[in-house]
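A short write-up of the structure that comes next.
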Amino acid sequence: MNILGINAYHGDASAALVVDGVLVAAAEEERFTRVKHDASFPHRAIRYCLETGGIHPKGIEHLALSRDPRANLTRRIRHAVSDRTGRRVAERRVANLRKILRAKITLAEGLGVSVKRLPAKTHLVEHHLAHIASSFYVSPFERAAVLSIDGFGDMVSAMWGTGEGSKLRIGGRVFFPHSLGVFYSAVTQYLGFPKYGDEYKVMGLASYGEPEYLRTFRTIVRDEGLGYELSLDHFRHHVEGAPMTWDGGSPELPQLWGPGMVRDLGPARSDDAEPLGRRHQNVASSLQRRLEEVVLGMLRELHERTRTDDLCLAGGVALNCVVNGKIFDETPFRRVYVQPAAHDGGTSVGAAYYVHHAILGAPRGFVMDHAYYGPEFDGARMRTALDAAGIAYERLDDQRLIERTSSALADGKAPS
């Protein structure tokens, strides 16, 4: 059984190939285009996966996409008719739906074959189901609590439940416009880091500050058990529809923070040219602490509901390693599996495994215990590429390489 999973028309476009239940190859498009978080259709990643697996296009039996515009349709319609913002968002979603429904045709065009030579059956997998599947189905656990948290996907920002064997039982969701991912991204922008994916910088910045503004952040995000709500006057995504650019290349985010941020926290940092001060460090520390409070509270409630000591995490927020590092100390969970590609790039893996297990009913047996499924380059290939480009180089043994690299880092020569 050959299943091709795809994350397309979204940030971190990617592809994954599952053959008879085993993950054979997985890669993000950015690894080939060198465009960070590339949102293009992952043609190059797909070709890599098929070549690695020795699979001809006509051998693809199932095509799994980690988006389902039909999911949560009632909420989509209600939002679309509620105001002008909803109508603008609906127009973009209709355009996106057309692209997704044409995915098989686009795939055929990229592979240079007739769509008639692609017998694959297409499956649309809801975004957070793909996230959860990417973690639970490749974990070593027979039964586990599952949680996915990110910005938004198919109108949802969080999903939780239980996985057991080949089954996923979803216990609940948090819907648009409330989102911990948007919360963290908005404050990241407010602190002068505007690019898609800059949140890790703020997680690091938080370690230099004190949570001076924690009381304020507790009003910006209110939590209760497994749910949470944003104080929406601190944000703009619900007003302007957060028109992110997914048409290809690097994703672009609009301004997510609203006037409430300036009112309660002071003026926003303009950009990298403005020095980072103590207030910025303390805002970052308060943001991080509030995220920890909410997520760890959710996990305690999830454990209470599921009564299992095993946990699987996915979604972009699951990449916050500071939160993850506190799970054992502040929740009852004793074993944790975090999908290595917890961000949207990993949903291609999840979509493929959701089809394999939840739809086709195949038993589990594969455990993803490393992340080395992308392209690799041996010494001969590297020398050939360097010689072809006319670049001078020197071959070092491991010890000299470590010494040279550490000295360069100590001299402030880290790449930007």
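Scheme for the structure tokens: letters A, B, ... for chains in order shown; per-chain residue numbers from 1; ligand numbers from 1 in order shown.
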Set out as JSON lines a contact list for segment 150-195 of chain A and segment 213-233 of chain A with a cut-off of 12 Å, giving each residue of segment 150-195 of chain A that qualifies its closest atom pair and distance in Å to one decimal, counting only C-alpha atoms, ordered by chain and rising residue number.
{"residue": "A:Ser157", "atom": "CA", "partner": "A:Tyr228", "partner_atom": "CA", "distance": 10.4}
{"residue": "A:Ala158", "atom": "CA", "partner": "A:Gly227", "partner_atom": "CA", "distance": 8.9}
{"residue": "A:Met159", "atom": "CA", "partner": "A:Leu226", "partner_atom": "CA", "distance": 9.5}
{"residue": "A:Trp160", "atom": "CA", "partner": "A:Leu226", "partner_atom": "CA", "distance": 8.5}
{"residue": "A:Gly161", "atom": "CA", "partner": "A:Leu226", "partner_atom": "CA", "distance": 10.6}
{"residue": "A:Gly171", "atom": "CA", "partner": "A:Leu226", "partner_atom": "CA", "distance": 10.0}
{"residue": "A:Gly172", "atom": "CA", "partner": "A:Leu226", "partner_atom": "CA", "distance": 8.4}
{"residue": "A:Arg173", "atom": "CA", "partner": "A:Gly227", "partner_atom": "CA", "distance": 8.1}
{"residue": "A:Val174", "atom": "CA", "partner": "A:Gly227", "partner_atom": "CA", "distance": 6.5}
{"residue": "A:Phe175", "atom": "CA", "partner": "A:Glu229", "partner_atom": "CA", "distance": 9.6}
{"residue": "A:Phe176", "atom": "CA", "partner": "A:Glu229", "partner_atom": "CA", "distance": 9.8}
{"residue": "A:Pro177", "atom": "CA", "partner": "A:Leu230", "partner_atom": "CA", "distance": 7.9}
{"residue": "A:His178", "atom": "CA", "partner": "A:Glu229", "partner_atom": "CA", "distance": 5.4}
{"residue": "A:Ser179", "atom": "CA", "partner": "A:Leu230", "partner_atom": "CA", "distance": 7.2}
{"residue": "A:Leu180", "atom": "CA", "partner": "A:Val221", "partner_atom": "CA", "distance": 8.2}
{"residue": "A:Gly181", "atom": "CA", "partner": "A:Leu230", "partner_atom": "CA", "distance": 11.1}
{"residue": "A:Val182", "atom": "CA", "partner": "A:Leu230", "partner_atom": "CA", "distance": 9.5}
{"residue": "A:Phe183", "atom": "CA", "partner": "A:Leu230", "partner_atom": "CA", "distance": 7.7}
{"residue": "A:Tyr184", "atom": "CA", "partner": "A:Val221", "partner_atom": "CA", "distance": 10.5}
{"residue": "A:Ala186", "atom": "CA", "partner": "A:Ile220", "partner_atom": "CA", "distance": 11.5}
{"residue": "A:Val187", "atom": "CA", "partner": "A:Phe217", "partner_atom": "CA", "distance": 10.4}
Just write the chosen residues, C-alpha atoms, as a PDB file, in the first residue's frame.
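The resulting file, selection26.pdb, is shown below:
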ATOM      1  CA  SER A 157      -6.669  26.156  16.838  1.00  0.00           C
ATOM      2  CA  ALA A 158      -6.594  23.161  19.203  1.00  0.00           C
ATOM      3  CA  MET A 159      -7.876  19.591  19.271  1.00  0.00           C
ATOM      4  CA  TRP A 160      -7.618  16.883  21.913  1.00  0.00           C
ATOM      5  CA  GLY A 161      -8.759  13.375  22.646  1.00  0.00           C
ATOM      6  CA  GLY A 171     -12.921  14.957  22.730  1.00  0.00           C
ATOM      7  CA  GLY A 172     -13.012  18.626  21.803  1.00  0.00           C
ATOM      8  CA  ARG A 173     -11.735  21.595  19.831  1.00  0.00           C
ATOM      9  CA  VAL A 174     -11.061  25.313  20.232  1.00  0.00           C
ATOM     10  CA  PHE A 175     -12.429  27.279  17.291  1.00  0.00           C
ATOM     11  CA  PHE A 176     -11.659  30.555  15.528  1.00  0.00           C
ATOM     12  CA  PRO A 177     -11.057  33.309  16.623  1.00  0.00           C
ATOM     13  CA  HIS A 178      -9.405  31.993  19.806  1.00  0.00           C
ATOM     14  CA  SER A 179      -5.866  30.667  19.365  1.00  0.00           C
ATOM     15  CA  LEU A 180      -2.749  30.211  21.488  1.00  0.00           C
ATOM     16  CA  GLY A 181      -0.677  30.152  18.309  1.00  0.00           C
ATOM     17  CA  VAL A 182      -2.040  33.539  17.233  1.00  0.00           C
ATOM     18  CA  PHE A 183      -1.512  34.811  20.789  1.00  0.00           C
ATOM     19  CA  TYR A 184       2.189  33.939  20.677  1.00  0.00           C
ATOM     20  CA  ALA A 186       0.915  38.452  17.767  1.00  0.00           C
ATOM     21  CA  VAL A 187       3.184  39.259  20.719  1.00  0.00           C
TER      22      VAL A 187
END
Kindly provide the residues of segment 296-340 of chain A that approach segment 192-212 of chain A to within 9 Å, each paired with its closest atom pair and their distance in Å to one decimal, based on only C-alpha atoms, listed by chain and increasing number, as a tab-separated table.
residue	atom	partner	partner_atom	distance
A:Leu319	CA	A:Tyr200	CA	8.6
A:Asn320	CA	A:Met203	CA	7.5
A:Cys321	CA	A:Met203	CA	8.8
A:Val322	CA	A:Met203	CA	7.9
With C-alpha atoms retained, export the selected residues as an mmCIF file, in the first residue's frame.
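result-v6.cif, freshly written:
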data_model
loop_
_atom_site.group_PDB
_atom_site.id
_atom_site.type_symbol
_atom_site.label_atom_id
_atom_site.label_comp_id
_atom_site.auth_asym_id
_atom_site.auth_seq_id
_atom_site.Cartn_x
_atom_site.Cartn_y
_atom_site.Cartn_z
ATOM 1 C CA LEU A 319 7.677 23.105 19.428
ATOM 2 C CA ASN A 320 7.879 25.288 22.541
ATOM 3 C CA CYS A 321 10.512 23.199 24.288
ATOM 4 C CA VAL A 322 10.332 25.271 27.485
#
(request) Please give the complete set of residues from segment 312-386 of chain A that DSSP, run on the backbone, assigns to strand (DSSP E or B), formatted as a ChimeraX atom specification. (result) /A:312-314,335-338
Generate a file of the selected residues that holds N, CA and C atoms, formatted as a PDB file, in the first residue's frame.
ATOM      1  N   CYS A 312       0.769  12.337  23.529  1.00  0.00           N
ATOM      2  CA  CYS A 312       1.319  12.666  22.211  1.00  0.00           C
ATOM      3  C   CYS A 312       0.964  14.116  21.879  1.00  0.00           C
ATOM      4  N   LEU A 313       1.959  14.889  21.449  1.00  0.00           N
ATOM      5  CA  LEU A 313       1.773  16.305  21.157  1.00  0.00           C
ATOM      6  C   LEU A 313       2.136  16.620  19.713  1.00  0.00           C
ATOM      7  N   ALA A 314       1.419  17.578  19.134  1.00  0.00           N
ATOM      8  CA  ALA A 314       1.741  18.078  17.798  1.00  0.00           C
ATOM      9  C   ALA A 314       1.175  19.486  17.682  1.00  0.00           C
ATOM     10  N   ARG A 335       5.059   9.639  30.238  1.00  0.00           N
ATOM     11  CA  ARG A 335       5.773   9.412  28.973  1.00  0.00           C
ATOM     12  C   ARG A 335       5.171  10.356  27.930  1.00  0.00           C
ATOM     13  N   VAL A 336       6.047  11.007  27.171  1.00  0.00           N
ATOM     14  CA  VAL A 336       5.599  12.015  26.196  1.00  0.00           C
ATOM     15  C   VAL A 336       6.284  11.769  24.862  1.00  0.00           C
ATOM     16  N   TYR A 337       5.483  11.797  23.802  1.00  0.00           N
ATOM     17  CA  TYR A 337       6.026  11.733  22.440  1.00  0.00           C
ATOM     18  C   TYR A 337       5.643  13.025  21.729  1.00  0.00           C
ATOM     19  N   VAL A 338       6.644  13.789  21.299  1.00  0.00           N
ATOM     20  CA  VAL A 338       6.409  15.010  20.529  1.00  0.00           C
ATOM     21  C   VAL A 338       6.851  14.742  19.100  1.00  0.00           C
TER      22      VAL A 338
END
(request) Using DSSP on the backbone coordinates, identify the residues of segment 96-323 of chain A assigned to helix (DSSP H, G or I); present them as a PyMOL selection string. (result) chain A and resi 96-101+103-111+115-117+127-136+180-190+199-208+214-220+232-234+237-240+259-265+278-306+316-319+321-323
(message) Residues within 10 Å of Leu101 of chain A, please, as a VMD selection string. Count only C-alpha atoms; anything in the same chain fewer than 4 positions from it doesn't count.
(response) chain A and resid 65 68 to 69 96 to 97 105 to 106 122 124
Dump N, CA and C atoms for the selected residues as a CSV table (one decimal), in the first residue's frame?
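Once everything was written out, this is selection_12.csv:
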chain,number,residue,atom,x,y,z
A,65,LEU,N,-4.2,14.7,1.7
A,65,LEU,CA,-3.9,16.1,1.9
A,65,LEU,C,-4.3,16.5,3.3
A,68,ASP,N,-8.9,20.1,4.9
A,68,ASP,CA,-10.3,19.7,4.5
A,68,ASP,C,-11.2,20.9,4.6
A,69,PRO,N,-11.4,21.6,3.5
A,69,PRO,CA,-12.2,22.8,3.6
A,69,PRO,C,-13.7,22.5,4.0
A,96,ASN,N,-9.0,28.7,-2.2
A,96,ASN,CA,-8.2,27.7,-1.7
A,96,ASN,C,-8.8,26.3,-1.9
A,97,LEU,N,-10.1,26.2,-1.8
A,97,LEU,CA,-10.8,24.9,-2.0
A,97,LEU,C,-10.6,24.4,-3.4
A,105,ILE,N,-4.6,16.9,-10.1
A,105,ILE,CA,-4.2,17.4,-11.4
A,105,ILE,C,-2.9,18.1,-11.3
A,106,THR,N,-2.7,19.0,-10.3
A,106,THR,CA,-1.4,19.7,-10.1
A,106,THR,C,-0.3,18.7,-9.8
A,122,THR,N,-8.0,10.3,-3.7
A,122,THR,CA,-7.7,11.5,-2.9
A,122,THR,C,-8.5,11.5,-1.6
A,124,LEU,N,-9.1,14.1,1.9
A,124,LEU,CA,-8.9,15.4,2.6
A,124,LEU,C,-9.0,15.1,4.1
(request) Write out as a PyMOL selection string the residues lying within 12 Å of Gly248 of chain A, counting only C-alpha atoms and excluding same-chain residues fewer than 4 positions away. (result) chain A and resi 8-13+29-30+33+35-43+244+252
Take the residues just selected and output them with N, CA and C atoms as a compact mmCIF listing (two decimals), in the first residue's frame.
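Result saved to result_4.txt:
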# COMPACT_ATOMS: atom_id res chain seq x y z
N ALA A 8 0.01 21.19 1.32
CA ALA A 8 0.12 22.11 0.19
C ALA A 8 -0.75 23.34 0.42
N TYR A 9 -0.39 24.43 -0.28
CA TYR A 9 -1.14 25.68 -0.18
C TYR A 9 -1.18 26.17 1.25
N HIS A 10 -0.06 26.02 1.94
CA HIS A 10 0.05 26.40 3.34
C HIS A 10 1.54 26.53 3.65
N GLY A 11 1.89 27.20 4.74
CA GLY A 11 3.29 27.30 5.11
C GLY A 11 3.90 25.94 5.37
N ASP A 12 5.21 25.83 5.14
CA ASP A 12 5.95 24.58 5.36
C ASP A 12 5.42 23.44 4.51
N ALA A 13 5.19 23.73 3.22
CA ALA A 13 4.73 22.70 2.28
C ALA A 13 5.67 21.49 2.35
N GLU A 29 9.41 21.31 1.26
CA GLU A 29 9.77 21.94 -0.02
C GLU A 29 10.93 22.91 0.15
N GLU A 30 11.02 23.56 1.31
CA GLU A 30 12.08 24.55 1.53
C GLU A 30 13.47 23.94 1.41
N THR A 33 13.99 24.33 -2.47
CA THR A 33 13.89 25.68 -3.05
C THR A 33 14.75 26.68 -2.32
N VAL A 35 13.80 28.39 0.11
CA VAL A 35 12.89 29.46 0.55
C VAL A 35 12.30 29.04 1.89
N LYS A 36 12.61 29.75 2.94
CA LYS A 36 12.21 29.33 4.29
C LYS A 36 10.68 29.30 4.41
N HIS A 37 10.16 28.21 4.95
CA HIS A 37 8.72 27.98 5.14
C HIS A 37 7.95 28.01 3.83
N ASP A 38 8.57 27.60 2.75
CA ASP A 38 7.98 27.68 1.41
C ASP A 38 6.54 27.17 1.41
N ALA A 39 5.65 27.99 0.83
CA ALA A 39 4.22 27.65 0.77
C ALA A 39 3.80 27.22 -0.63
N SER A 40 4.75 26.87 -1.48
CA SER A 40 4.43 26.41 -2.82
C SER A 40 3.85 24.99 -2.78
N PHE A 41 3.31 24.54 -3.90
CA PHE A 41 2.95 23.12 -4.01
C PHE A 41 4.26 22.34 -3.97
N PRO A 42 4.36 21.29 -3.15
CA PRO A 42 5.66 20.64 -2.89
C PRO A 42 6.12 19.68 -4.00
N HIS A 43 6.24 20.18 -5.21
CA HIS A 43 6.62 19.33 -6.34
C HIS A 43 7.96 18.64 -6.11
N MET A 244 -3.18 35.80 5.40
CA MET A 244 -1.84 35.28 5.19
C MET A 244 -1.65 34.93 3.72
N GLU A 252 3.69 35.27 4.29
CA GLU A 252 3.71 36.60 4.88
C GLU A 252 2.51 36.76 5.79
(request) Using only C-alpha atoms, pick whichever of A:Val239, A:Leu147, A:Leu409, A:Ala64 has the shortest atom-to-atom distance to Val18 of chain A. (result)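 Of A:Val239, A:Leu147, A:Leu409, A:Ala64, the one nearest Val18 of chain A, counting only C-alpha atoms, is A:Ala64.
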